[in-house]
Each structure stands twice: as C-alpha cells, then as structure tokens.
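Next comes protein17.txt, with compact mmCIF, C-alpha atoms.
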# COMPACT_ATOMS: atom_id res chain seq x y z
CA MET G 1 -33.23 -10.42 -70.83
CA THR G 2 -34.34 -6.96 -71.49
CA ALA G 3 -33.69 -4.13 -69.05
CA ARG G 4 -37.37 -4.08 -68.07
CA GLN G 5 -37.35 -7.82 -67.26
CA GLU G 6 -34.18 -7.54 -65.26
CA ARG G 7 -35.57 -4.70 -63.19
CA ARG G 8 -38.69 -6.75 -62.43
CA SER G 9 -36.56 -9.71 -61.45
CA ILE G 10 -34.51 -7.63 -59.02
CA GLU G 11 -37.64 -6.04 -57.47
CA SER G 12 -39.22 -9.45 -57.08
CA GLY G 13 -36.14 -10.85 -55.33
CA ALA G 14 -35.86 -7.86 -53.08
CA ALA G 15 -39.42 -8.38 -51.94
CA GLN G 16 -38.75 -12.00 -51.11
CA GLN G 17 -35.38 -11.46 -49.37
CA PRO G 18 -35.14 -8.08 -47.54
CA SER G 19 -31.78 -6.49 -47.16
CA ARG G 20 -29.86 -6.49 -43.83
CA ALA G 21 -30.33 -2.75 -43.46
CA PHE G 22 -34.08 -3.15 -43.81
CA LYS G 23 -34.08 -5.89 -41.12
CA ARG G 24 -32.20 -3.75 -38.64
CA THR G 25 -34.56 -0.85 -39.19
CA ALA G 26 -37.64 -3.01 -38.73
CA PHE G 27 -36.27 -4.50 -35.47
CA ARG G 28 -35.57 -1.04 -34.04
CA LEU G 29 -39.08 0.10 -34.86
CA ALA G 30 -40.63 -2.99 -33.24
CA SER G 31 -38.53 -2.54 -30.07
CA MET G 32 -39.51 1.08 -29.75
CA LEU G 33 -43.18 0.23 -30.17
CA PHE G 34 -42.94 -2.48 -27.42
CA ILE G 35 -41.23 -0.10 -25.02
CA LEU G 36 -43.83 2.58 -25.69
CA LEU G 37 -46.59 0.01 -25.13
CA LEU G 38 -45.11 -0.98 -21.76
CA ALA G 39 -44.74 2.63 -20.77
CA ALA G 40 -48.32 3.31 -21.72
CA CYS G 41 -49.53 0.38 -19.60
CA GLY G 42 -47.51 1.39 -16.53
CA SER G 43 -48.14 5.12 -16.58
CA PRO G 44 -50.92 6.71 -14.53
CA ARG G 45 -54.02 7.59 -16.48
CA THR G 46 -55.09 11.18 -16.28
CA ASP G 47 -58.36 11.27 -18.20
CA ASP G 48 -61.69 11.27 -16.34
CA THR G 49 -62.68 7.74 -17.45
CA ARG G 50 -59.60 6.06 -15.97
CA THR G 51 -58.63 5.14 -12.37
CA THR G 52 -55.31 6.08 -10.86
CA ILE G 53 -53.68 3.19 -8.93
CA GLN G 54 -52.84 4.31 -5.39
CA PRO G 55 -50.34 2.63 -3.04
CA ILE G 56 -51.88 0.50 -0.21
CA GLN G 57 -51.61 2.20 3.18
CA PRO G 58 -51.16 0.06 6.35
CA THR G 59 -54.24 0.04 8.67
CA VAL G 60 -53.54 1.64 12.05
CA GLU G 61 -56.20 0.77 14.71
CA ALA G 62 -56.96 3.17 17.53
CA PRO G 63 -55.46 1.95 20.81
CA ASP G 64 -57.83 0.12 23.20
CA THR G 65 -57.60 2.30 26.28
CA THR G 66 -59.62 -0.16 28.38
CA ALA G 67 -56.92 -2.77 27.87
CA LEU G 68 -54.31 -0.34 29.22
CA ARG G 69 -56.43 0.92 32.12
CA PRO G 70 -56.14 -1.07 35.39
CA VAL G 71 -59.21 -3.11 36.26
CA GLY G 72 -61.44 -1.15 38.62
CA LEU G 73 -60.41 2.34 37.55
CA THR G 74 -62.49 4.65 35.37
CA ASP G 75 -61.09 6.75 32.52
CA ASP G 76 -60.80 9.74 34.85
CA GLY G 77 -58.83 7.71 37.42
CA LYS G 78 -61.54 6.97 39.99
CA ILE G 79 -62.32 3.63 41.62
CA GLY G 80 -65.38 2.32 39.84
CA ILE G 81 -68.29 0.73 41.73
CA GLY G 82 -70.92 -0.68 39.40
CA PHE G 83 -74.66 -0.85 40.03
CA LEU G 84 -77.13 -3.13 38.21
CA ALA G 85 -80.90 -3.07 38.62
CA PRO G 86 -84.09 -2.99 36.55
CA LEU G 87 -84.49 0.75 36.07
CA THR G 88 -87.08 0.29 33.33
CA GLY G 89 -89.86 -2.24 32.92
CA SER G 90 -92.30 -3.71 35.41
CA GLU G 91 -89.85 -3.64 38.35
CA ALA G 92 -88.48 -0.16 37.68
CA ALA G 93 -89.87 1.26 40.94
CA VAL G 94 -88.01 -1.35 42.98
CA GLY G 95 -84.86 -0.80 40.94
CA GLN G 96 -85.01 2.95 41.49
CA ALA G 97 -85.46 2.44 45.25
CA LEU G 98 -82.41 0.16 45.33
CA LEU G 99 -80.41 2.77 43.44
CA GLN G 100 -81.48 5.57 45.75
CA ALA G 101 -80.53 3.49 48.78
CA ALA G 102 -77.12 2.84 47.22
CA GLN G 103 -76.71 6.57 46.68
CA ILE G 104 -77.31 7.13 50.40
CA ALA G 105 -74.53 4.62 51.15
CA PHE G 106 -72.28 6.67 48.86
CA LEU G 107 -73.14 9.81 50.79
CA ASP G 108 -72.21 8.05 54.02
CA ASN G 109 -69.02 6.31 53.00
CA ALA G 110 -67.58 7.33 49.65
CA GLY G 111 -64.77 9.78 49.04
CA ALA G 112 -64.03 11.92 46.02
CA ASP G 113 -62.00 9.13 44.41
CA LEU G 114 -65.01 6.77 44.03
CA ALA G 115 -67.46 6.71 41.13
CA LEU G 116 -70.88 5.06 41.09
CA LEU G 117 -71.47 3.56 37.63
CA VAL G 118 -75.13 2.78 36.95
CA GLU G 119 -76.59 0.46 34.29
CA ASP G 120 -80.13 -0.75 33.62
CA THR G 121 -80.76 -4.51 33.28
CA GLY G 122 -84.24 -4.03 31.87
CA GLY G 123 -85.36 -6.76 34.26
CA ASN G 124 -84.15 -9.66 32.11
CA PRO G 125 -81.03 -11.87 31.89
CA GLN G 126 -79.94 -10.67 28.44
CA GLY G 127 -80.09 -7.06 29.57
CA ALA G 128 -78.17 -7.92 32.73
CA ALA G 129 -75.31 -9.57 30.80
CA ALA G 130 -75.03 -6.63 28.40
CA ALA G 131 -75.20 -4.12 31.27
CA ALA G 132 -72.46 -5.99 33.14
CA GLN G 133 -70.17 -5.69 30.12
CA ARG G 134 -70.87 -1.97 29.89
CA LEU G 135 -69.88 -1.59 33.53
CA LEU G 136 -66.60 -3.38 32.86
CA ASP G 137 -65.97 -1.09 29.88
CA GLN G 138 -66.45 1.91 32.16
CA GLY G 139 -64.01 0.61 34.79
CA ALA G 140 -66.08 -1.11 37.48
CA GLY G 141 -63.98 -3.11 39.95
CA ILE G 142 -66.96 -4.48 41.90
CA VAL G 143 -70.66 -4.65 41.02
CA VAL G 144 -73.73 -4.54 43.27
CA GLY G 145 -77.00 -6.04 41.99
CA PRO G 146 -78.95 -7.15 40.07
CA LEU G 147 -82.31 -7.90 41.67
CA PHE G 148 -83.30 -11.27 40.22
CA SER G 149 -81.34 -14.52 40.42
CA ALA G 150 -81.74 -15.20 36.68
CA SER G 151 -80.20 -11.82 35.89
CA ALA G 152 -77.40 -12.40 38.40
CA ARG G 153 -76.73 -15.80 36.83
CA ALA G 154 -76.39 -14.14 33.40
CA ALA G 155 -74.16 -11.29 34.59
CA ALA G 156 -71.86 -13.44 36.74
CA PRO G 157 -69.73 -15.09 34.01
CA VAL G 158 -69.23 -11.74 32.27
CA LEU G 159 -67.82 -10.24 35.46
CA ALA G 160 -65.95 -13.38 36.52
CA ALA G 161 -63.95 -13.32 33.29
CA ALA G 162 -62.53 -9.98 34.43
CA GLY G 163 -62.15 -11.04 38.07
CA VAL G 164 -64.85 -8.62 39.24
CA PRO G 165 -67.08 -9.79 42.16
CA LEU G 166 -70.86 -9.48 42.18
CA LEU G 167 -72.90 -8.58 45.29
CA THR G 168 -76.43 -9.48 44.24
CA PHE G 169 -79.67 -8.58 45.97
CA SER G 170 -80.97 -12.12 45.40
CA ASN G 171 -81.31 -14.67 48.22
CA ASP G 172 -80.93 -17.67 45.88
CA ARG G 173 -78.05 -19.65 47.35
CA SER G 174 -77.76 -21.76 44.18
CA ILE G 175 -76.03 -18.85 42.42
CA ALA G 176 -73.62 -18.10 45.28
CA GLY G 177 -69.91 -18.81 44.97
CA GLN G 178 -67.22 -18.21 42.35
CA GLY G 179 -67.24 -14.47 42.96
CA VAL G 180 -71.02 -14.14 43.48
CA TYR G 181 -72.30 -13.12 46.93
CA THR G 182 -76.03 -13.18 47.74
CA LEU G 183 -77.13 -10.42 50.13
CA GLY G 184 -80.88 -11.08 49.95
CA PHE G 185 -82.82 -11.97 53.09
CA ASP G 186 -81.97 -15.63 53.54
CA PRO G 187 -84.63 -17.81 55.19
CA ALA G 188 -81.99 -20.38 56.11
CA SER G 189 -80.11 -17.92 58.34
CA GLU G 190 -83.34 -16.77 59.94
CA VAL G 191 -84.45 -20.34 60.64
CA ASP G 192 -81.06 -21.12 62.17
CA ARG G 193 -81.38 -18.15 64.49
CA ILE G 194 -84.94 -18.82 65.65
CA VAL G 195 -84.28 -22.54 66.18
CA GLU G 196 -81.15 -21.80 68.19
CA PHE G 197 -83.02 -19.33 70.38
CA SER G 198 -86.05 -21.60 70.80
CA SER G 199 -83.91 -24.55 71.81
CA ARG G 200 -82.39 -22.43 74.58
CA GLN G 201 -85.93 -21.86 75.83
CA GLY G 202 -86.50 -25.61 76.04
CA LEU G 203 -88.34 -26.14 72.74
CA LEU G 204 -86.85 -29.28 71.19
CA ARG G 205 -89.57 -30.89 69.06
CA PHE G 206 -90.28 -28.95 65.89
CA ALA G 207 -92.68 -29.17 62.97
CA ALA G 208 -93.13 -27.09 59.83
CA PHE G 209 -96.27 -25.98 58.01
CA ALA G 210 -94.91 -24.25 54.94
CA PRO G 211 -96.04 -22.83 51.61
CA ASP G 212 -95.31 -25.02 48.62
CA THR G 213 -92.85 -22.48 47.20
CA PRO G 214 -89.07 -22.33 46.78
CA TYR G 215 -88.90 -20.09 49.86
CA GLY G 216 -90.94 -22.51 51.95
CA ARG G 217 -88.87 -25.50 50.91
CA VAL G 218 -85.59 -23.71 51.67
CA ALA G 219 -86.91 -22.90 55.14
CA VAL G 220 -87.91 -26.52 55.77
CA VAL G 221 -84.50 -27.80 54.70
CA ALA G 222 -82.88 -25.26 57.04
CA LEU G 223 -85.05 -26.53 59.91
CA GLN G 224 -84.08 -30.13 59.19
CA GLN G 225 -80.39 -29.21 59.05
CA ALA G 226 -80.61 -27.19 62.27
CA ALA G 227 -82.10 -30.19 64.04
CA THR G 228 -78.97 -32.20 63.30
CA ARG G 229 -76.82 -29.77 65.30
CA GLY G 230 -78.34 -30.52 68.70
CA PRO G 231 -80.78 -32.68 70.65
CA LEU G 232 -83.61 -31.52 68.39
CA SER G 233 -86.11 -33.29 66.17
CA VAL G 234 -88.45 -32.46 63.31
CA GLU G 235 -91.63 -34.41 63.97
CA ARG G 236 -93.72 -33.38 60.97
CA VAL G 237 -93.54 -31.35 57.72
CA ALA G 238 -96.52 -30.38 55.57
CA TYR G 239 -96.94 -28.03 52.61
CA TYR G 240 -99.96 -26.07 51.42
CA ASP G 241 -101.00 -24.00 48.42
CA GLN G 242 -103.10 -20.84 48.41
CA THR G 243 -106.58 -22.25 47.92
CA ALA G 244 -108.90 -22.29 50.94
CA ARG G 245 -109.86 -25.93 50.40
CA SER G 246 -106.24 -27.01 50.27
CA LEU G 247 -105.40 -24.97 53.37
CA ASN G 248 -108.17 -26.56 55.38
CA GLU G 249 -107.33 -30.08 54.31
CA SER G 250 -103.59 -29.55 54.77
CA ALA G 251 -104.03 -27.99 58.21
CA LYS G 252 -106.33 -30.78 59.35
CA ALA G 253 -103.88 -33.46 58.21
CA PHE G 254 -100.95 -31.60 59.76
CA ALA G 255 -102.73 -31.12 63.11
CA SER G 256 -103.46 -34.82 63.40
CA ILE G 257 -100.05 -35.17 65.03
CA GLY G 258 -101.56 -33.53 68.12
CA PRO G 259 -100.25 -30.69 70.28
CA ASP G 260 -98.64 -33.07 72.74
CA SER G 261 -96.17 -34.27 70.10
CA ILE G 262 -94.55 -30.93 69.25
CA ASP G 263 -93.23 -27.83 71.00
CA ALA G 264 -93.10 -25.39 68.08
CA VAL G 265 -94.33 -24.98 64.49
CA LEU G 266 -92.35 -23.07 61.87
CA LEU G 267 -94.59 -20.95 59.63
CA PRO G 268 -92.22 -19.52 56.97
CA ASP G 269 -94.72 -17.26 55.25
CA GLY G 270 -95.85 -13.65 55.41
CA GLY G 271 -98.34 -11.02 54.37
CA GLN G 272 -101.90 -11.88 53.32
CA ARG G 273 -101.08 -15.54 52.86
CA LEU G 274 -99.92 -15.94 56.45
CA LEU G 275 -103.04 -14.10 57.61
CA GLY G 276 -105.04 -16.71 55.76
CA VAL G 277 -103.04 -19.65 57.11
CA ALA G 278 -102.69 -18.74 60.78
CA PRO G 279 -106.31 -19.30 61.93
CA TYR G 280 -106.48 -22.87 60.62
CA LEU G 281 -104.03 -24.41 63.08
CA PRO G 282 -105.73 -23.16 66.29
CA TYR G 283 -109.01 -24.44 64.87
CA TYR G 284 -107.42 -27.89 65.03
CA ASP G 285 -105.91 -27.28 68.51
CA ILE G 286 -102.36 -26.36 67.43
CA ALA G 287 -101.75 -23.12 69.35
CA LEU G 288 -100.34 -21.54 72.47
CA PRO G 289 -99.84 -22.35 75.29
CA ASP G 290 -98.98 -25.86 74.11
CA VAL G 291 -97.30 -24.98 70.82
CA ARG G 292 -95.27 -21.88 69.90
CA PHE G 293 -95.52 -20.42 66.38
CA LEU G 294 -92.16 -19.46 64.84
CA GLY G 295 -91.45 -17.31 61.80
CA THR G 296 -88.86 -15.67 59.57
CA ALA G 297 -88.27 -12.03 58.68
CA LEU G 298 -91.41 -12.17 56.51
CA TRP G 299 -93.26 -11.67 59.80
CA ALA G 300 -91.86 -8.13 60.11
CA ASP G 301 -95.07 -6.77 58.65
CA ALA G 302 -97.37 -4.53 60.70
CA SER G 303 -100.46 -6.04 59.07
CA LEU G 304 -99.80 -9.27 61.00
CA LEU G 305 -100.40 -7.52 64.31
CA ARG G 306 -104.14 -7.75 63.78
CA GLU G 307 -104.10 -11.58 63.76
CA ASP G 308 -104.63 -12.77 67.33
CA THR G 309 -103.51 -16.34 66.63
CA LEU G 310 -99.98 -15.06 65.96
CA LYS G 311 -99.75 -13.22 69.29
CA GLY G 312 -96.98 -14.81 71.32
CA GLY G 313 -95.18 -16.03 68.21
CA TRP G 314 -91.45 -15.47 67.73
CA PHE G 315 -89.44 -14.66 64.62
CA ALA G 316 -85.89 -13.74 63.67
CA ALA G 317 -85.29 -10.50 61.75
CA PRO G 318 -82.99 -7.48 61.60
CA ASP G 319 -83.43 -4.91 64.34
CA PRO G 320 -86.46 -2.86 63.23
CA ALA G 321 -85.16 0.31 64.89
CA ILE G 322 -82.27 0.59 62.39
CA TRP G 323 -84.69 0.17 59.50
CA GLU G 324 -86.99 2.84 60.89
CA ASP G 325 -84.11 5.32 61.06
CA PHE G 326 -83.23 4.58 57.45
CA ASN G 327 -86.89 4.80 56.43
CA LYS G 328 -87.15 8.32 57.84
CA ARG G 329 -83.94 9.42 56.17
CA TYR G 330 -84.90 7.96 52.78
CA THR G 331 -88.35 9.54 52.97
CA GLY G 332 -86.84 12.91 53.80
CA LEU G 333 -84.51 12.75 50.80
CA PHE G 334 -86.85 11.29 48.17
CA GLY G 335 -90.31 12.17 49.43
CA LYS G 336 -91.67 8.63 49.72
CA GLN G 337 -91.18 5.55 51.85
CA PRO G 338 -88.87 2.84 50.50
CA PRO G 339 -89.82 -0.81 50.03
CA ARG G 340 -88.12 -3.10 52.54
CA VAL G 341 -85.87 -4.58 49.85
CA ALA G 342 -84.28 -1.15 49.31
CA SER G 343 -82.18 -1.79 52.41
CA LEU G 344 -80.19 -4.31 50.35
CA GLY G 345 -79.15 -1.53 47.99
CA TYR G 346 -77.64 0.29 50.94
CA ASP G 347 -75.98 -2.79 52.43
CA ALA G 348 -74.35 -3.89 49.16
CA ALA G 349 -73.10 -0.40 48.32
CA ALA G 350 -71.83 -0.02 51.88
CA VAL G 351 -69.58 -3.06 51.44
CA ALA G 352 -68.06 -1.66 48.26
CA THR G 353 -67.62 1.90 49.53
CA VAL G 354 -66.19 0.89 52.91
CA LEU G 355 -63.58 -1.31 51.23
CA ALA G 356 -62.57 1.43 48.79
CA ARG G 357 -63.01 4.73 50.62
CA ASP G 358 -59.49 4.97 52.07
CA LEU G 359 -57.68 3.72 48.97
CA GLN G 360 -55.64 5.91 46.64
CA PRO G 361 -56.39 5.31 42.93
CA GLN G 362 -52.73 5.58 41.97
CA ALA G 363 -51.94 2.62 44.23
CA PHE G 364 -55.22 0.78 43.70
CA GLN G 365 -55.09 -3.01 43.26
CA GLN G 366 -58.54 -4.36 42.40
CA ALA G 367 -57.70 -7.98 43.29
CA GLU G 368 -56.73 -6.91 46.80
CA ALA G 369 -59.34 -4.22 47.44
CA PHE G 370 -62.29 -6.37 46.35
CA GLY G 371 -60.79 -9.84 46.66
CA PRO G 372 -62.23 -12.72 48.72
CA ALA G 373 -60.11 -11.90 51.78
CA ALA G 374 -61.49 -8.35 51.93
CA LEU G 375 -65.08 -9.32 51.20
CA THR G 376 -65.21 -12.17 53.73
CA GLN G 377 -63.39 -10.42 56.58
CA ALA G 378 -64.43 -11.86 59.93
CA GLN G 379 -65.68 -8.63 61.51
CA GLY G 380 -68.14 -8.09 58.66
CA PHE G 381 -69.97 -4.86 57.89
CA PHE G 382 -72.78 -2.71 59.28
CA GLY G 383 -75.80 -1.63 57.25
CA VAL G 384 -79.50 -0.90 57.38
CA ASN G 385 -80.11 -4.49 58.50
CA GLY G 386 -77.53 -4.47 61.27
CA ILE G 387 -74.26 -6.38 61.19
CA PHE G 388 -73.63 -8.86 58.42
CA ARG G 389 -70.75 -10.69 56.83
CA LEU G 390 -70.16 -12.60 53.63
CA ARG G 391 -69.17 -16.23 53.83
CA GLU G 392 -66.61 -17.92 51.60
CA ASP G 393 -69.40 -19.90 49.91
CA GLY G 394 -71.03 -16.64 48.80
CA SER G 395 -73.92 -16.66 51.30
CA VAL G 396 -74.60 -13.97 53.90
CA GLU G 397 -74.71 -14.21 57.69
CA ARG G 398 -76.66 -11.55 59.54
CA GLY G 399 -76.87 -10.57 63.19
CA LEU G 400 -80.60 -10.97 63.83
CA ALA G 401 -82.84 -10.01 66.71
CA ILE G 402 -85.55 -12.26 68.18
CA ILE G 403 -88.90 -10.49 68.06
CA GLU G 404 -92.23 -11.40 69.64
CA VAL G 405 -95.63 -10.54 68.23
CA SER G 406 -97.45 -8.97 71.18
CA PRO G 407 -100.67 -7.01 71.72
CA GLU G 408 -98.49 -3.88 72.00
CA GLY G 409 -96.74 -4.55 68.72
CA PHE G 410 -93.39 -6.11 67.85
CA GLN G 411 -91.22 -6.50 70.95
CA ILE G 412 -87.51 -7.41 70.84
CA ILE G 413 -86.96 -10.21 73.36
CA GLU G 414 -83.31 -10.82 72.42
CA ALA G 415 -81.28 -8.09 70.79
CA ALA G 416 -79.24 -8.61 67.68
CA PRO G 417 -75.51 -8.98 68.37
CA GLN G 418 -73.39 -5.89 67.90
CA SER G 419 -70.41 -7.83 66.61
CA PHE G 420 -69.74 -11.30 65.33
CA GLN G 421 -67.22 -11.89 68.10
CA ILE G 422 -70.12 -12.34 70.54
CA ALA G 423 -72.58 -13.93 68.14
CA THR G 424 -73.48 -17.51 69.04
CA PHE G 425 -75.23 -18.56 65.86
Starting from the coordinates I provided, produce the structure as structure tokens.
Amino acid sequence: MTARQERRSIESGAAQQPSRAFKRTAFRLASMLFILLLAACGSPRTDDTRTTIQPIQPTVEAPDTTALRPVGLTDDGKIGIGFLAPLTGSEAAVGQALLQAAQIAFLDNAGADLALLVEDTGGNPQGAAAAAQRLLDQGAGIVVGPLFSASARAAAPVLAAAGVPLLTFSNDRSIAGQGVYTLGFDPASEVDRIVEFSSRQGLLRFAAFAPDTPYGRVAVVALQQAATRGPLSVERVAYYDQTARSLNESAKAFASIGPDSIDAVLLPDGGQRLLGVAPYLPYYDIALPDVRFLGTALWADASLLREDTLKGGWFAAPDPAIWEDFNKRYTGLFGKQPPRVASLGYDAAAVATVLARDLQPQAFQQAEAFGPAALTQAQGFFGVNGIFRLREDGSVERGLAIIEVSPEGFQIIEAAPQSFQIATF
C-alpha cells in the first residue's frame, strides 16, 4: 500500500468512526446550544414587535358600603324615609301634590336626623320596582307610596326582601299585608261607619244601587258583611253603567222593590256620575221621607249640593274642617289648591316621621322603629283626615264623621271620634 493509499484509508476510517475527543466536543456544543435556546425562550423580549409577559395581579373589588350600612340609615347617618310617586308622565301633577303634602308632614314632625328620599315611578310598575331598589340603595328604612296598586304590587317584593314596609296611597285591599299597608280612602270602612250610624237611628233594611266598578262592588260587599253583624238585612242590590238608557232601566228595575220594603239605599258613587244617577230613584218613588240615601266619602264634593234629591242624605267621611285647614296651608305654601288625594301624602309621611323623629341614628334599629308593632299601635296616628290606624292585615281604619247634605251645605251630625279608645266602629 503506498503512502497515499494509506493516508486515504485513515481519513476514510476517521470519517466513519469519530474519535472520543471529537464526541466530547460535539456534546458540549450541543448542550450549550440547548441551554442558550431555553434562555432565549424564557427571557423577556425587548424589541417593539414582542410582548413582555407580566405577572397576574389579584382583583380587589371595592367594598360594598350598602352591605355594611344598617338598613334604614343613609350614607351620611340619617334615618331614611323613602317616597315613591309618579313625578313624570300623565299623573305627574298628582304625584307632585302628594310629594308636597309629604314635605309639609316633614316640616311638622321631622328632626334634623331624618332624610326624605324621593324617587319617580314614572307611573308604571317597572318604574316603581326600579325606584324602590334605588331607595333601598340610598338607605330607606320605610317607604311611602306609590299611587297605583299595580305599582305598589311591583315595588312590594323589592322592599319586602330587605324588610322595609310600604305605606301605599292605594285603597286596594288585595295588595295589603306582608309589609304593605293601604292608606287610600277605603269604601269598606266608610260603609261600615254609615251602616252602624244608620242602624242606631232605626234603619235596618238596606239596599244598594251601585256603579258596576271595582269601587262599587267593594262597597256592596262591605254592606253585605255589615248586615251580618246585627239585626240588619240587605233587601236588594243592583248595578248600573254610565249610559242614560242603562241608568233608567236599572233604576226602574231596582225601584220595583217599592219604598215600603227598604229603609235606606247605599249610593257609593260621586261627582258627575252621582249627579246623573240621583234623580232616577225619586222618579220611581224611592226617596225621602220613606227612604234615606246613604253615601261614602265620594259625596264630600261641593258640586253635589246643587242636587235636591240628595238633600237629607247621609255619608261617612273625614272631618272636612281639618281638610280645609290643610288646604289653606298648602295653598299658602305652593300657590294652588291641592287635590283631595294629596292628604294621603301627608298622612303616610306623618306615620313615618312620628315613628322616627325621637330616635337617635346611632342607636337606630329599623326592625323596631318601623316594625309591625310600631305601625299597628292601638292609639293610631293623626293626619289631615283625622285619626287613623293601621290594622295587622294591612288595611286602614279611620275615625270618620257622619255628614248630612243640607240646603245650607254639609252639616256634621255626628263628629268623628278623637281617639280610638272611644270609637265604636
């Protein structure tokens, strides 16, 4: 083998079987490259086209101060009294009158530690529910309003979940109870009062000629229930609608019972409709002196004084003198006369302010201040409509006067009681 062939043979073998030194060198180089690759992958990138990986920070939510604040106290430490009414929309004028009457009650009864929180229902149930929640968020411990029963029905569960009572201006007894109290003028209470008074005057046989409305039907049911509490009877009930033909036919059919069969007729209606109804019954011989016409607080309307057929009729209503005093005061403050329903804004706010006015916020306990025992206390409260008290079933009982429609105007023939200790109804 020549030297050149031997050299080629050695080079060829070396290429096929690397030396140990070469292997160690190659391994070191590969390890260094792997380490550098890992380092490159784990190191932050600093050029503009790359994103730096930041550590995840724990989320810290702001504390819910309403959860820490006692129910019924505002953020500034006052006892919160909420107010709900339609302050916009078609009934805004009524809502504003209710609010202004409530503000007068605050002037009369509230101290510096009470806050009146006002929210607009917009005159609809959805707005009432949302407004009720806003009042809770502000710290209301009791809420007065809203005006309509549908809105009260929507707001009630929102407030009940927080244990906050609702004093609504509605007279719909179907929503009363479970923390809801209805302060609206209740025909059932008025019928009870006039029937009780009439029976003491010897009138024992009753009839009802009523509008075919929810109000009229409630009044008739109250008459039927009142008759079960004594030696009384309901001899006939008839309903009418507003058309002249229906009125005539209904009155004629009703009067067929004859005046000798009844002592009194309940006419639970008011305003222009009562003015249209009243002349029909005398036309068919149902009138004084044989039969007395009886009414509810809807009769407390000066326009009825011009209807001679109602002269001598009796009705149960709050003492008008108290309302007249309030009317003058309201007119002096706001430059216009209030609607009659505004008195409910005063009465409801009076309940809340009287219960809270002597309390200290630092010792305030909402469940005690505005709980059922406080709201239904036996002595009741005094407002624009005289004395009144809330019953455990959520309805209202009022001390009502008996008023006669006379040629000289409305005459009180039995005064409203001054306290429930002497009330007999």
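Between G:Ala92 and the candidates G:Asp186, G:Asp113, G:Asp120, G:Asp241, the tightest atom-to-atom separation, counting only C-alpha atoms, involves G:Asp120.
The closest residue to G:Gly184, picked from G:Leu266, G:Leu167, G:Ala363, G:Ala416 and counting only C-alpha atoms, is G:Leu167.
Among the candidate residues G:Phe420, G:Trp323, G:Tyr283, G:Phe169, the one lying nearest to G:Leu84 is G:Phe169, with distances computed using all atoms listed in the file.
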When you look at stretch 369-375 of chain G with a cut-off of 9 Å (counting only C-alpha atoms), what residues show up, excluding the ones that are within fewer than 4 positions of it in the same chain? I need them as a list in words. Gly141, Ile142, Gly163, Val164, Pro165, Gly179, Val351, Ala352, Leu355, Ala356, Leu359, Phe364, Gln365, Gly380, Arg389, Leu390, Arg391 and Glu392 of chain G
Would you mind listing what lies within 6 Å of G:Ile286 as a count of residues only, with only C-alpha atoms counted and same-chain residues fewer than 3 positions away left out? 3
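For the residues G:Phe148, G:Phe83, G:Tyr284, G:Phe326, ranking by smallest atom-to-atom distance to G:Arg340 using all atoms listed in the file places G:Phe326 first.
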Could you list, as an MDAnalysis selection string, every residue within 12 Å of G:Ala160, counting only C-alpha atoms and ignoring same-chain residues fewer than 2 positions away? chainID G and resid 129 132:133 136 141:143 152:158 162:166 177:180 367 371
Reconstructed stretch 272-277 of chain G, atom set all heavy atoms, as a PDB file, in the frame of the given file:
ATOM      1  N   GLN G 272    -100.519 -11.415  53.374  1.00  0.00           N
ATOM      2  CA  GLN G 272    -101.900 -11.880  53.320  1.00  0.00           C
ATOM      3  C   GLN G 272    -102.001 -13.394  53.375  1.00  0.00           C
ATOM      4  O   GLN G 272    -102.961 -13.935  53.929  1.00  0.00           O
ATOM      5  CB  GLN G 272    -102.564 -11.347  52.052  1.00  0.00           C
ATOM      6  CG  GLN G 272    -102.791  -9.848  52.054  1.00  0.00           C
ATOM      7  CD  GLN G 272    -103.677  -9.415  53.207  1.00  0.00           C
ATOM      8  OE1 GLN G 272    -104.736 -10.001  53.460  1.00  0.00           O
ATOM      9  NE2 GLN G 272    -103.254  -8.371  53.928  1.00  0.00           N
ATOM     10  N   ARG G 273    -101.001 -14.077  52.844  1.00  0.00           N
ATOM     11  CA  ARG G 273    -101.080 -15.540  52.860  1.00  0.00           C
ATOM     12  C   ARG G 273    -100.946 -16.075  54.278  1.00  0.00           C
ATOM     13  O   ARG G 273    -101.668 -17.007  54.673  1.00  0.00           O
ATOM     14  CB  ARG G 273    -100.012 -16.138  51.956  1.00  0.00           C
ATOM     15  CG  ARG G 273    -100.197 -17.640  51.717  1.00  0.00           C
ATOM     16  CD  ARG G 273     -99.454 -18.100  50.503  1.00  0.00           C
ATOM     17  NE  ARG G 273     -98.022 -17.826  50.601  1.00  0.00           N
ATOM     18  CZ  ARG G 273     -97.181 -17.994  49.570  1.00  0.00           C
ATOM     19  NH1 ARG G 273     -97.642 -18.413  48.405  1.00  0.00           N
ATOM     20  NH2 ARG G 273     -95.899 -17.726  49.716  1.00  0.00           N
ATOM     21  N   LEU G 274    -100.041 -15.500  55.053  1.00  0.00           N
ATOM     22  CA  LEU G 274     -99.920 -15.940  56.450  1.00  0.00           C
ATOM     23  C   LEU G 274    -101.176 -15.598  57.236  1.00  0.00           C
ATOM     24  O   LEU G 274    -101.624 -16.384  58.089  1.00  0.00           O
ATOM     25  CB  LEU G 274     -98.691 -15.295  57.099  1.00  0.00           C
ATOM     26  CG  LEU G 274     -98.445 -15.690  58.562  1.00  0.00           C
ATOM     27  CD1 LEU G 274     -98.308 -17.203  58.720  1.00  0.00           C
ATOM     28  CD2 LEU G 274     -97.198 -14.985  59.099  1.00  0.00           C
ATOM     29  N   LEU G 275    -101.786 -14.453  56.948  1.00  0.00           N
ATOM     30  CA  LEU G 275    -103.040 -14.100  57.610  1.00  0.00           C
ATOM     31  C   LEU G 275    -104.146 -15.112  57.302  1.00  0.00           C
ATOM     32  O   LEU G 275    -105.018 -15.368  58.131  1.00  0.00           O
ATOM     33  CB  LEU G 275    -103.488 -12.697  57.192  1.00  0.00           C
ATOM     34  CG  LEU G 275    -102.669 -11.530  57.746  1.00  0.00           C
ATOM     35  CD1 LEU G 275    -103.114 -10.214  57.128  1.00  0.00           C
ATOM     36  CD2 LEU G 275    -102.759 -11.465  59.257  1.00  0.00           C
ATOM     37  N   GLY G 276    -104.072 -15.690  56.107  1.00  0.00           N
ATOM     38  CA  GLY G 276    -105.040 -16.710  55.760  1.00  0.00           C
ATOM     39  C   GLY G 276    -104.733 -18.063  56.352  1.00  0.00           C
ATOM     40  O   GLY G 276    -105.647 -18.854  56.643  1.00  0.00           O
ATOM     41  N   VAL G 277    -103.463 -18.347  56.587  1.00  0.00           N
ATOM     42  CA  VAL G 277    -103.040 -19.650  57.110  1.00  0.00           C
ATOM     43  C   VAL G 277    -103.211 -19.741  58.621  1.00  0.00           C
ATOM     44  O   VAL G 277    -103.674 -20.758  59.155  1.00  0.00           O
ATOM     45  CB  VAL G 277    -101.561 -19.902  56.726  1.00  0.00           C
ATOM     46  CG1 VAL G 277    -101.005 -21.117  57.467  1.00  0.00           C
ATOM     47  CG2 VAL G 277    -101.422 -20.088  55.227  1.00  0.00           C
TER      48      VAL G 277
END
